[in-house]
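Below you'll find the structure, written out as structure tokens, and then a few comments.
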Amino acid sequence: MTIDFSVIEPYIGVFARAAVVTAMVSLIAFGASAVLAALLLPMRVAKSKVARATIGTYIELMRNLPILLVLYVVYYGLPTLGVPMGAFVAAIVALALNSTAYMIEIYRGGLNAIPIGHTEAAQSLGLRKPTVWRNIYLPQAIKYSFPAIGNQLVACVLGSSLAMLIGTKELTNAATVVGSASFRYFETFIIVALIYIMLSQFITFVWTRLYAVSFGRKYGV
Amino acid sequence: MFNSQYWPDVWILISRGFVLTIVLSIAVVIGSSVIGVTLGLSSHYGRMSTKKYSLSNTLVTVFVRIFRSVPPLVLLFLLYFGIPSAFDIQFDALPAAILGISLFYGAYMIEVVRSGLESVPVGEVEACKALGLNRGQSLRFVIFPQGIRLSLPAGTGLWIGAAKDTALATGIGLFELTTAMMTVRQITLSSWNVFGVAAVLYFGLNFGFSRLGSGLERLLGEDRRIARAQGEKASRGREFAKSRKGST
């Protein structure tokens, strides 16, 4: 059989629309998890054992269960409890739930990199806890964990491909639709793989530039 | 648990799915480790050369960049639906799933192995050169044994990731735990029981892999080996000092 990429041409619009959905799902999920993780981080490192155990259980659960299982629980499980759930929203919720767990650990890694002297200095200046968190801990934690956060964003883009299994109309779903319409599975999946490669290389590039602009120095490849 | 009228069937389905998931995860863990260690080593071997440009290093970097940025699900579809439609190669679902997930996590594993090999202190590499070891020898006797241990913690994380992602094999119709779970859910019409059982099974499986990782780490324990080596060195030094004292 021959390989012929021109048969894909009529479907470019489908791919473009699907790529937008992929970008939306992954960006919204990533943004939500970045904010949620920042809010939950103080609990992860709190003195109270109960708080730490609660967040610790959540993180362990999310890191040890497949995203697919979480996705199915959100999409098929939550409606039985009376929560209405569409495929698009379910994809975002599941991805965000998964990503939050990783983001908390990433932030915590950044937090551990802050020298103890900063805490002592803040204490001796008499700063309040919220002030210390907002002005000293979080900005530095974000700086130290910046490269890892970029990797998590790429992981979100790749993870959004699972959403096709519950019928979200994103890129991988478009690939199967176009594939079955044109009978050119090889070409469609190569094209979709290329789109994903471009997306993640683009994110990596932008993220490296962003780091250089915000913190002045480039980090290694 | 489930309504007793479904009892034997449900548990047979779930255990069949779980067995396949175990087989898949073990295969994927081995596959990604093999890819990671062989390609990671060859790329590091290339980098150790005195020449500025290394072909093996460039090829491995391209491999990593490609396979790290394609979702494993797309890789599975490409292998299972794509390649047979264009070439005369037919993949069964099982090898396609193992190969696809191994390629994705192998790419990550290469980076982990590479960074482990690179974290071996530069003084050791210089010492190898000073002793007249060639590239292969210093890699084999000095850098690899230490580097592989340094890459174990991150590698364990990838093993768990790979074991989790065997759930994607449901997309190409393999009857593993997730497929079994959804089948049972349709038979019994009870979502939460099924999700609970699957969660417990996946958690147990991954717990096993994380135990395996920490066990290996202890087995390759750098601390003990270094302590032993230093002990030998110290006793040899004392003997040397004693012999010197005796002679003068």
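Letters A, B, ... mark the chains of the structure tokens in the order given; residue numbers begin at 1 per chain; ligand numbers begin at 1, in order shown.
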
* Counting only C-alpha atoms, collect the residues of chain B whose closest atom lies at most 7 Å from chain A, and write them out as number ranges by chain. => B: 66, 69-71, 73-74, 78, 81-83, 85-87, 164-165, 167, 191-192, 195, 199, 202-203, 206

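For Phe18 of chain B, the non-local neighbours within 8 Å, defined as residues at least 6 positions apart in the same chain or in other chains and counting only C-alpha atoms, are Glu176, Leu177 and Leu201 of chain B.
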
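Across the model, the gap from atom CA of Arg68 of chain B to atom CA of Leu153 of chain A is 13.0 Å.
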
* Structure fact -> One decimal place gives the atom CA of Phe63 of chain B-atom CA of Pro95 of chain B separation as 20.1 Å

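Comparing B:Gly136, B:Gly100, B:Gly196, B:Gly213 by their smallest distance to Leu24 of chain B, the closest is B:Gly100 (using only C-alpha atoms).
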
* If we count only C-alpha atoms, what is near Asn193 of chain B at a cut-off of 12 Å, once residues fewer than 2 positions away on the same chain are taken out, given as a PyMOL selection string? -> (chain A and resi 73+77) or (chain B and resi 1-3+10+181-182+184-185+188-191+195-200)

* Asked: Near Val93 of chain A, within 7 Å and counting only C-alpha atoms, which residues show up once chain neighbours fewer than 4 positions away are dropped, as a ChimeraX atom specification?
  -> /A:29,89,97

Selected residues, C-alpha atoms, written as a PDB file, in the first residue's frame, please.
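Output file result-v2.pdb follows:
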ATOM      1  CA  ALA A  29      -6.687  21.727  33.662  1.00  0.00           C
ATOM      2  CA  VAL A  89     -15.846  19.056  31.732  1.00  0.00           C
ATOM      3  CA  LEU A  97      -7.312  16.247  39.867  1.00  0.00           C
TER       4      LEU A  97
END

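Closest to Phe146 of chain A among A:Val83, A:Val25, A:Met103, A:Ile92 is A:Met103, based on only C-alpha atoms.
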
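Residues within 9 Å of Gly86 of chain A, counting only C-alpha atoms and excluding same-chain residues fewer than 5 positions away, are Tyr75, Ala91 and Thr168 of chain A.
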
* To do: Could you jot down the atom CA of Gln90 of chain B to atom CA of Leu174 of chain B separation for me, Å, one decimal place?
  => 15.7 Å

* Quick one: everything within 7 Å of segment 105-122 of chain B, counting only C-alpha atoms, minus sequence neighbours fewer than 4 positions away in the same chain. Send it as a PyMOL selection string. => chain B and resi 32-33+35-37+39-40+44+64+67-68+101+126+143-144+146-148+150-151+154-155+158+162

* To do: Write out as a PyMOL selection string each polymer residue whose atoms come within 12 Å of Pro42 of chain A, counting only C-alpha atoms; drop sequence neighbours fewer than 3 positions from it.
  => chain A and resi 36-39+45-48+51-52+55+104-105+107-108+111+129-130+132-134+137-138+141

Generate a file of the selected residues that holds C-alpha atoms, formatted as a compact mmCIF listing (two decimals), in the first residue's frame.
# COMPACT_ATOMS: atom_id res chain seq x y z
CA LEU A 36 -5.19 24.52 43.53
CA ALA A 37 -1.75 23.15 44.28
CA ALA A 38 -0.54 26.56 45.46
CA LEU A 39 -3.55 26.74 47.81
CA VAL A 45 3.89 21.10 54.83
CA ALA A 46 1.71 22.10 57.82
CA LYS A 47 2.61 21.18 61.37
CA SER A 48 -0.77 19.51 61.89
CA ALA A 51 -3.72 18.14 57.43
CA ARG A 52 -0.57 16.49 56.17
CA ILE A 55 -3.20 15.81 51.51
CA ILE A 104 1.88 19.96 44.99
CA GLU A 105 4.91 17.71 45.03
CA TYR A 107 6.03 23.02 44.52
CA ARG A 108 7.15 21.21 47.66
CA LEU A 111 10.00 24.95 48.71
CA LYS A 129 2.59 33.65 58.20
CA PRO A 130 0.44 34.72 55.20
CA VAL A 132 5.82 35.03 54.45
CA TRP A 133 3.96 32.60 52.22
CA ARG A 134 2.92 35.18 49.67
CA TYR A 137 7.92 31.15 49.95
CA LEU A 138 5.69 31.01 46.88
CA ALA A 141 9.26 27.95 45.22

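Each of A:Met24, A:Leu210, A:Val177, A:Ala121 was compared to Leu95 of chain A using only C-alpha atoms, and A:Met24 turns out to be the nearest.
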